[in-house]
2 protein chains.
Amino acid sequence: MDLDMRKLRYFVAVAEQQHFGRAADQLYIAQPVLSRQIRSLEQDLGFALFERTTRSVHLTAAGEQLLSEAVVVLASVDAALRRVREASRGVERLVVAFSPGMGVSKPIRAFNAQYPNVEVDLLQLKWWEQDAPLRDGRADVGYLRRPFDDTGLRVIPIGRDRMVACLPDSHRLARRRTLRMADLDGENILDQPARRTSSIEEKFELIAVGHSIGLMPRGIAAAYSRPEFAYVPVTDAEPVETCLAVAKSRRERRIRDFLRLATASLQARPLAAVD
Amino acid sequence: MDLDMRKLRYFVAVAEQQHFGRAADQLYIAQPVLSRQIRSLEQDLGFALFERTTRSVHLTAAGEQLLSEAVVVLASVDAALRRVREASRGVERLVVAFSPGMGVSKPIRAFNAQYPNVEVDLLQLKWWEQDAPLRDGRADVGYLRRPFDDTGLRVIPIGRDRMVACLPDSHRLARRRTLRMADLDGENILDQPARRTSSIEEKFELIAVGHSIGLMPRGIAAAYSRPEFAYVPVTDAEPVETCLAVAKSRRERRIRDFLRLATASLQARPLAAVD
DNA sequence: TAAAAATACTCCATAGGTATTTTAT
DNA sequence: ATAAAATACCTATGGAGTATTTTTA
């Protein structure tokens, strides 16, 4: 049921050496042990990972896939353990999540300067799960854009992001300085996606071929912008609110400190996303 | 040495329940087993994860960190295993890596249409490791931007990306239609970063406060663009070459098929990055 | 004093070792 | 004929169980 990291390491060794004996040497274990462990792994999974004869060892399709997965799994487990060990030595850590296109470098630099002992990580949010990382502890604070589910979150509005139309350079409206919603009547409007059904890249592709016009917050447009698109503000579309958010249950010192600095830096100079 | 996924699951249960007995029930094991497994995990790691009395169980700092790491590790192992199982059932998979700002949706849609049985994944490359994923098997083909290390790779040039200057809206040169390198004399030029020492966001921040001018390929500028920046082509800066790349050792059918379609679609309509 | 974690002890599955056999080139 | 993987068999570690003790709010 659980994937065994030891077996996974053994598997990687055999896959890379294409040879049980050499892999066993490399792992400092006896060759029969390795044979048995790989068989056991194959039984756990329910399918073969190698096609073996006494003269050759080759990966199956599943084996190829497992090899590429194993490399990243082992590396990320290592990295995770490193961070946990750091935490055990008292290193503090703050994960700041942000929706694409929101400016976070300024408050983070301010925080870094004042709390040099706190490691700050960045986590780019997906538009279809803005709030989940704040709930499950992957992130401590987040810069989000409405709409999102704010139950259980402390939300501090920090500004509004104006809506822009995103259209191909060649479009008849592309040279306008501003637009109104009425100008878009009859166009196929692709608004901010509500499901993760298809990739955001696909939506932009639909815009590129001229089938649709995108209507989205300026920050999103900026984050995904392409040279062949024009972006025109839509003056009477309701701007979306941008917010700082934290899970209500999180009341750690470093989180309060970050919020204080972040809201202060708002006063000092507005973020890009702020009106 | 190896992190035990079973123990990790147990740990998550205790952390979430804040109670050994309830966690044991949830896991369908006896409470003493759980006590011993958690102790064993703590011994493996070398530090405590919980502060416990008979009345309360609380996470230590290291425990907090491990909890947030565990959630993502367990989820990504699950996802990895799912992909491996799919592979064992004959599902083919193609991972297309791309440097930020390179248009890949078109060839991928063409490939999807013709080979609907091949799952296509996207992997956004970091500018400091464009080629590594092609070597270690994380990606099958890549859309890269020079410079990168091409030893052992098959490289197909697909176009050139013009250099643009990236500067604050308020800069004296921001309204120019084009620039020449000579115009930038005396400016603090931040060229395409060569090390991962500091985040790319920091560099853009330096530009925002007016300390520097960025000089970068148009595609990168587009991918990271912000509303308050102006982008002006620099006509006499050497454009960077954009390429399709594959590890020479990879000669699978689906990879050849993708390359064929991708180069064909170049003829049909140039990519955004192509001159 | 009572709820809850820890300890003591069993049993058995499995990782690891050595010696040997099987098999495909 | 031989290199290399698989099998047989042994030991010891560690996971899981039940019964019991320890601890502190």
# chains A, B, ... in the order shown; residues from 1 in each chain; ligands from 1
$ select_by_dssp --residues "range 78-182 of chain A" --states "strand (DSSP E)" --output "ChimeraX atom specification"
/A:92-98,118-124,141-145,153-161,163-168
$ interface_residues --of "chain D" --to "chain B" --cutoff "9 Å" --atoms "only C-alpha atoms (C1' of nucleotides)" --output "PDB file with C-alpha atoms (C1' of nucleotides), in the first residue's frame"
ATOM      1  C1'  DG D  15       5.713  -3.895  13.180  1.00  0.00           C
ATOM      2  C1'  DA D  16       1.476  -5.231  15.234  1.00  0.00           C
ATOM      3  C1'  DG D  17      -1.125  -7.221  18.868  1.00  0.00           C
ATOM      4  C1'  DT D  23       1.547  10.144  34.575  1.00  0.00           C
ATOM      5  C1'  DT D  24      -0.814  14.563  35.194  1.00  0.00           C
ATOM      6  C1'  DA D  25      -4.762  17.575  34.948  1.00  0.00           C
TER       7       DA D  25
END
$ interface_residues --of "chain C" --to "chain A" --cutoff "10 Å" --atoms "only C-alpha atoms (C1' of nucleotides)" --output "MDAnalysis selection string"
chainID C and resid 15:18 22:25
$ residues_around --residues "Arg162 in chain B" --least-positions-apart "5" --cutoff "6 Å" --atoms "only C-alpha atoms (C1' of nucleotides)" --output "PyMOL selection string"
chain B and resi 217-218+239
$ write_last_selection --atoms "N, CA and C atoms" --output "PDB file, in the first residue's frame"
ATOM      1  N   PRO B 217      14.926  38.668 -23.498  1.00  0.00           N
ATOM      2  CA  PRO B 217      14.158  38.276 -24.685  1.00  0.00           C
ATOM      3  C   PRO B 217      12.703  38.701 -24.520  1.00  0.00           C
ATOM      4  N   ARG B 218      12.063  38.985 -25.631  1.00  0.00           N
ATOM      5  CA  ARG B 218      10.696  39.472 -25.605  1.00  0.00           C
ATOM      6  C   ARG B 218       9.756  38.499 -24.877  1.00  0.00           C
ATOM      7  N   PRO B 239      19.463  38.961 -31.006  1.00  0.00           N
ATOM      8  CA  PRO B 239      18.303  38.151 -30.573  1.00  0.00           C
ATOM      9  C   PRO B 239      18.769  36.794 -30.077  1.00  0.00           C
TER      10      PRO B 239
END
$ interface_residues --of "chain B" --to "chain A" --cutoff "8 Å" --atoms "only C-alpha atoms" --output "JSON, numbers by chain"
{"B": [2, 3, 4, 5, 6, 45, 47, 61, 62, 63, 65, 66, 68, 69, 71, 72, 73, 76, 77, 80, 81, 83, 84, 85, 86, 87, 88, 90, 101, 105, 106, 136, 137, 138, 201, 202, 205, 218, 219, 222, 223, 224, 225, 226, 227, 228, 272]}
$ calpha_fit_and_write --fixed "chain B" --moving "chain A" --output "tab-separated table (two decimals) with C-alpha atoms, in the first residue's frame"
chain	number	residue	atom	x	y	z
A	1	MET	CA	17.72	7.14	6.71
A	2	ASP	CA	14.79	6.68	4.33
A	3	LEU	CA	11.61	8.40	5.34
A	4	ASP	CA	8.95	5.79	6.00
A	5	MET	CA	5.65	6.67	4.33
A	6	ARG	CA	3.70	4.54	6.77
A	7	LYS	CA	5.13	6.43	9.72
A	8	LEU	CA	4.43	9.65	7.90
A	9	ARG	CA	0.76	8.70	7.50
A	10	TYR	CA	0.60	7.78	11.17
A	11	PHE	CA	2.18	11.08	12.06
A	12	VAL	CA	-0.37	13.02	10.04
A	13	ALA	CA	-3.21	11.17	11.78
A	14	VAL	CA	-1.89	12.01	15.24
A	15	ALA	CA	-1.16	15.60	14.26
A	16	GLU	CA	-4.67	16.06	12.93
A	17	GLN	CA	-6.43	14.29	15.79
A	18	GLN	CA	-4.13	15.69	18.49
A	19	HIS	CA	-4.86	12.38	20.21
A	20	PHE	CA	-3.08	9.00	19.97
A	21	GLY	CA	-6.13	6.91	20.80
A	22	ARG	CA	-8.42	8.49	18.23
A	23	ALA	CA	-5.69	8.49	15.60
A	24	ALA	CA	-5.09	4.78	16.26
A	25	ASP	CA	-8.81	4.07	15.79
A	26	GLN	CA	-8.80	6.00	12.54
A	27	LEU	CA	-5.79	4.02	11.32
A	28	TYR	CA	-7.24	0.68	12.49
A	29	ILE	CA	-4.24	-0.11	14.66
A	30	ALA	CA	-3.76	-0.40	18.42
A	31	GLN	CA	-2.80	2.69	20.39
A	32	PRO	CA	0.53	1.34	21.73
A	33	VAL	CA	1.64	0.59	18.18
A	34	LEU	CA	1.06	4.18	17.27
A	35	SER	CA	2.96	5.45	20.31
A	36	ARG	CA	5.90	3.29	19.36
A	37	GLN	CA	5.85	4.25	15.70
A	38	ILE	CA	5.81	7.94	16.45
A	39	ARG	CA	8.67	7.54	18.91
A	40	SER	CA	10.56	5.60	16.28
A	41	LEU	CA	9.95	8.37	13.74
A	42	GLU	CA	11.18	10.93	16.23
A	43	GLN	CA	14.30	8.86	16.82
A	44	ASP	CA	14.93	8.49	13.07
A	45	LEU	CA	14.73	12.26	12.74
A	46	GLY	CA	16.59	13.03	15.92
A	47	PHE	CA	14.13	15.47	17.44
A	48	ALA	CA	10.65	15.60	18.97
A	49	LEU	CA	7.57	16.14	16.84
A	50	PHE	CA	5.02	16.34	19.67
A	51	GLU	CA	4.95	17.71	23.18
A	52	ARG	CA	2.77	15.25	24.99
A	53	THR	CA	1.26	14.92	28.42
A	54	THR	CA	-1.43	12.42	29.32
A	55	ARG	CA	-3.94	15.21	28.76
A	56	SER	CA	-2.72	16.91	25.62
A	57	VAL	CA	-0.76	16.42	22.43
A	58	HIS	CA	0.76	19.39	20.63
A	59	LEU	CA	3.04	19.76	17.65
A	60	THR	CA	6.52	21.20	18.09
A	61	ALA	CA	7.86	23.67	15.53
A	62	ALA	CA	9.51	20.79	13.67
A	63	GLY	CA	6.22	18.90	13.89
A	64	GLU	CA	4.32	21.82	12.34
A	65	GLN	CA	6.81	21.89	9.49
A	66	LEU	CA	6.65	18.13	9.00
A	67	LEU	CA	2.87	18.24	8.89
A	68	SER	CA	2.79	20.72	6.06
A	69	GLU	CA	5.51	18.81	4.21
A	70	ALA	CA	3.79	15.48	4.78
A	71	VAL	CA	0.55	16.62	3.21
A	72	VAL	CA	2.23	17.46	-0.07
A	73	VAL	CA	4.65	14.53	-0.04
A	74	LEU	CA	1.85	12.01	0.46
A	75	ALA	CA	-0.26	13.64	-2.20
A	76	SER	CA	2.52	13.75	-4.75
A	77	VAL	CA	3.49	10.15	-4.12
A	78	ASP	CA	-0.14	9.22	-4.72
A	79	ALA	CA	-0.22	11.17	-7.94
A	80	ALA	CA	3.06	9.65	-9.08
A	81	LEU	CA	1.80	6.13	-8.43
A	82	ARG	CA	-1.35	6.89	-10.33
A	83	ARG	CA	0.68	7.90	-13.38
A	84	VAL	CA	2.84	4.80	-13.08
A	85	ARG	CA	-0.23	2.57	-12.93
A	86	GLU	CA	-1.59	4.32	-16.00
A	87	ALA	CA	1.67	3.67	-17.80
A	88	SER	CA	1.40	0.00	-16.85
A	89	ARG	CA	-2.01	-0.09	-18.50
A	90	GLY	CA	-0.46	1.23	-21.69
A	91	VAL	CA	-1.31	4.89	-21.33
A	92	GLU	CA	1.39	6.87	-23.08
A	93	ARG	CA	2.57	10.17	-21.74
A	94	LEU	CA	4.59	13.03	-23.15
A	95	VAL	CA	6.06	15.77	-21.00
A	96	VAL	CA	6.64	19.00	-22.86
A	97	ALA	CA	8.86	21.46	-21.05
A	98	PHE	CA	8.96	25.10	-21.96
A	99	SER	CA	10.89	28.16	-21.01
A	100	PRO	CA	8.65	30.96	-19.67
A	101	GLY	CA	6.87	32.85	-22.39
A	102	MET	CA	7.22	30.33	-25.19
A	103	GLY	CA	4.04	29.40	-27.02
A	104	VAL	CA	3.42	25.68	-26.82
A	105	SER	CA	-0.33	25.35	-26.93
A	106	LYS	CA	-0.54	25.16	-30.70
A	107	PRO	CA	1.75	22.19	-31.33
A	108	ILE	CA	0.30	20.46	-28.30
A	109	ARG	CA	-3.23	20.84	-29.58
A	110	ALA	CA	-2.13	19.49	-32.93
A	111	PHE	CA	-0.47	16.55	-31.22
A	112	ASN	CA	-3.50	15.93	-29.01
A	113	ALA	CA	-5.78	15.88	-32.00
A	114	GLN	CA	-3.70	13.33	-33.85
A	115	TYR	CA	-2.66	11.17	-30.88
A	116	PRO	CA	-5.58	11.35	-28.46
A	117	ASN	CA	-4.24	8.37	-26.48
A	118	VAL	CA	-1.09	10.17	-25.41
A	119	GLU	CA	-1.44	12.22	-22.24
A	120	VAL	CA	0.45	15.47	-22.56
A	121	ASP	CA	1.85	17.18	-19.47
A	122	LEU	CA	3.36	20.63	-19.34
A	123	LEU	CA	6.40	21.52	-17.29
A	124	GLN	CA	7.44	25.13	-16.94
A	125	LEU	CA	11.20	25.41	-16.88
A	126	LYS	CA	13.21	27.67	-14.67
A	127	TRP	CA	15.67	29.86	-16.50
A	128	TRP	CA	18.50	28.43	-14.40
A	129	GLU	CA	17.78	24.84	-15.36
A	130	GLN	CA	16.49	24.72	-18.88
A	131	ASP	CA	18.18	21.52	-19.93
A	132	ALA	CA	18.35	19.41	-16.76
A	133	PRO	CA	14.77	18.06	-17.04
A	134	LEU	CA	15.50	16.84	-20.56
A	135	ARG	CA	18.51	14.91	-19.29
A	136	ASP	CA	17.03	13.34	-16.19
A	137	GLY	CA	13.84	12.24	-17.90
A	138	ARG	CA	11.46	14.65	-16.21
A	139	ALA	CA	10.63	16.00	-19.65
A	140	ASP	CA	10.62	14.39	-23.07
A	141	VAL	CA	10.90	17.43	-25.28
A	142	GLY	CA	11.56	21.07	-24.50
A	143	TYR	CA	11.07	24.51	-25.94
A	144	LEU	CA	14.20	26.34	-24.84
A	145	ARG	CA	15.82	29.68	-25.31
A	146	ARG	CA	19.56	30.13	-25.77
A	147	PRO	CA	21.88	29.97	-24.00
A	148	PHE	CA	21.71	26.47	-22.56
A	149	ASP	CA	23.99	23.46	-22.44
A	150	ASP	CA	23.19	21.43	-25.55
A	151	THR	CA	25.67	18.56	-25.14
A	152	GLY	CA	23.81	15.30	-25.62
A	153	LEU	CA	20.73	17.10	-26.90
A	154	ARG	CA	19.26	17.19	-30.36
A	155	VAL	CA	18.47	20.83	-31.00
A	156	ILE	CA	16.14	22.19	-33.68
A	157	PRO	CA	16.26	25.97	-34.03
A	158	ILE	CA	12.74	27.32	-34.41
A	159	GLY	CA	13.20	31.05	-34.31
A	160	ARG	CA	14.76	34.03	-32.66
A	161	ASP	CA	13.45	36.12	-29.81
A	162	ARG	CA	14.27	39.82	-30.05
A	163	MET	CA	15.69	41.58	-27.04
A	164	VAL	CA	13.62	44.21	-25.32
A	165	ALA	CA	14.45	46.73	-22.65
A	166	CYS	CA	12.23	46.56	-19.61
A	167	LEU	CA	11.93	49.83	-17.74
A	168	PRO	CA	9.51	51.66	-15.45
A	169	ASP	CA	6.70	53.55	-17.11
A	170	SER	CA	8.13	56.77	-15.73
A	171	HIS	CA	11.56	56.33	-17.30
A	172	ARG	CA	12.72	58.91	-19.84
A	173	LEU	CA	13.11	56.17	-22.49
A	174	ALA	CA	9.80	54.45	-21.78
A	175	ARG	CA	7.88	56.21	-24.55
A	176	ARG	CA	10.39	55.39	-27.30
A	177	ARG	CA	9.20	52.97	-29.98
A	178	THR	CA	12.64	51.38	-30.32
A	179	LEU	CA	16.01	51.69	-28.69
A	180	ARG	CA	19.61	50.97	-29.66
A	181	MET	CA	22.26	49.67	-27.31
A	182	ALA	CA	23.92	53.09	-27.41
A	183	ASP	CA	20.79	54.62	-25.86
A	184	LEU	CA	21.37	52.48	-22.80
A	185	ASP	CA	24.91	53.74	-22.22
A	186	GLY	CA	25.26	54.90	-18.66
A	187	GLU	CA	22.21	52.94	-17.51
A	188	ASN	CA	22.54	50.13	-15.03
A	189	ILE	CA	21.72	47.16	-17.23
A	190	LEU	CA	20.43	43.98	-15.69
A	191	ASP	CA	20.84	41.33	-18.30
A	192	GLN	CA	19.40	37.88	-18.42
A	193	PRO	CA	20.38	36.40	-15.12
A	194	ALA	CA	23.11	33.83	-15.18
A	195	ARG	CA	22.86	32.44	-11.68
A	196	ARG	CA	19.99	31.58	-9.43
A	197	THR	CA	21.54	33.65	-6.67
A	198	SER	CA	18.55	35.88	-6.19
A	199	SER	CA	14.99	35.57	-7.31
A	200	ILE	CA	13.91	36.92	-10.64
A	201	GLU	CA	11.24	38.86	-8.77
A	202	GLU	CA	13.97	40.79	-6.99
A	203	LYS	CA	15.46	41.81	-10.31
A	204	PHE	CA	12.12	43.13	-11.47
A	205	GLU	CA	11.81	44.97	-8.20
A	206	LEU	CA	15.13	46.70	-8.90
A	207	ILE	CA	13.71	47.76	-12.24
A	208	ALA	CA	10.50	48.95	-10.64
A	209	VAL	CA	12.26	51.30	-8.25
A	210	GLY	CA	14.21	52.75	-11.18
A	211	HIS	CA	17.66	51.46	-10.28
A	212	SER	CA	18.10	49.39	-13.39
A	213	ILE	CA	16.92	48.56	-16.84
A	214	GLY	CA	16.24	44.96	-17.76
A	215	LEU	CA	17.49	43.57	-21.06
A	216	MET	CA	15.84	40.28	-21.93
A	217	PRO	CA	14.19	38.29	-24.71
A	218	ARG	CA	10.73	39.48	-25.60
A	219	GLY	CA	9.14	36.22	-24.48
A	220	ILE	CA	10.63	36.43	-20.98
A	221	ALA	CA	9.50	40.03	-20.71
A	222	ALA	CA	6.01	39.01	-21.73
A	223	ALA	CA	5.86	36.13	-19.27
A	224	TYR	CA	6.90	38.27	-16.33
A	225	SER	CA	5.39	41.51	-17.51
A	226	ARG	CA	3.75	43.99	-15.16
A	227	PRO	CA	1.36	46.81	-15.89
A	228	GLU	CA	3.73	49.49	-14.61
A	229	PHE	CA	6.58	48.48	-16.92
A	230	ALA	CA	7.25	49.57	-20.46
A	231	TYR	CA	8.89	47.21	-22.95
A	232	VAL	CA	10.86	48.71	-25.81
A	233	PRO	CA	12.57	46.65	-28.53
A	234	VAL	CA	16.34	47.11	-28.69
A	235	THR	CA	17.01	46.85	-32.39
A	236	ASP	CA	20.73	46.15	-32.39
A	237	ALA	CA	20.90	43.69	-29.50
A	238	GLU	CA	21.58	40.16	-30.71
A	239	PRO	CA	18.30	38.16	-30.66
A	240	VAL	CA	18.41	34.88	-28.76
A	241	GLU	CA	17.68	31.67	-30.58
A	242	THR	CA	14.66	29.63	-29.56
A	243	CYS	CA	14.84	25.88	-30.01
A	244	LEU	CA	13.12	22.58	-29.75
A	245	ALA	CA	15.35	20.14	-27.89
A	246	VAL	CA	15.37	16.42	-27.08
A	247	ALA	CA	17.90	14.19	-25.38
A	248	LYS	CA	19.73	12.32	-28.15
A	249	SER	CA	19.13	9.03	-26.35
A	250	ARG	CA	15.35	9.39	-26.58
A	251	ARG	CA	14.14	7.88	-29.80
A	252	GLU	CA	10.64	6.79	-28.84
A	253	ARG	CA	7.92	6.91	-31.42
A	254	ARG	CA	5.77	9.46	-29.61
A	255	ILE	CA	8.71	11.85	-29.31
A	256	ARG	CA	9.50	11.63	-33.02
A	257	ASP	CA	5.80	12.16	-33.75
A	258	PHE	CA	5.68	15.25	-31.61
A	259	LEU	CA	8.77	16.71	-33.26
A	260	ARG	CA	7.30	16.10	-36.68
A	261	LEU	CA	4.04	17.84	-35.83
A	262	ALA	CA	5.80	20.65	-33.99
A	263	THR	CA	8.13	21.47	-36.85
A	264	ALA	CA	5.25	21.20	-39.31
A	265	SER	CA	3.15	23.66	-37.33
A	266	LEU	CA	6.08	26.06	-37.50
A	267	GLN	CA	5.76	26.17	-41.25
A	268	ALA	CA	2.01	26.66	-41.04
A	269	ARG	CA	2.05	29.71	-38.76
A	270	PRO	CA	5.04	31.08	-36.89
A	271	LEU	CA	5.07	30.90	-33.10
A	272	ALA	CA	4.85	34.09	-31.14
A	273	ALA	CA	8.55	33.83	-30.47
A	274	VAL	CA	9.49	33.46	-34.10
A	275	ASP	CA	10.65	36.36	-36.17
$ select_by_dssp --residues "range 29-263 of chain A" --states "helix (DSSP H, G or I)" --output "PyMOL selection string"
chain A and resi 31-45+61-88+105-114+132-135+181-184+200-208+218-223+253-263
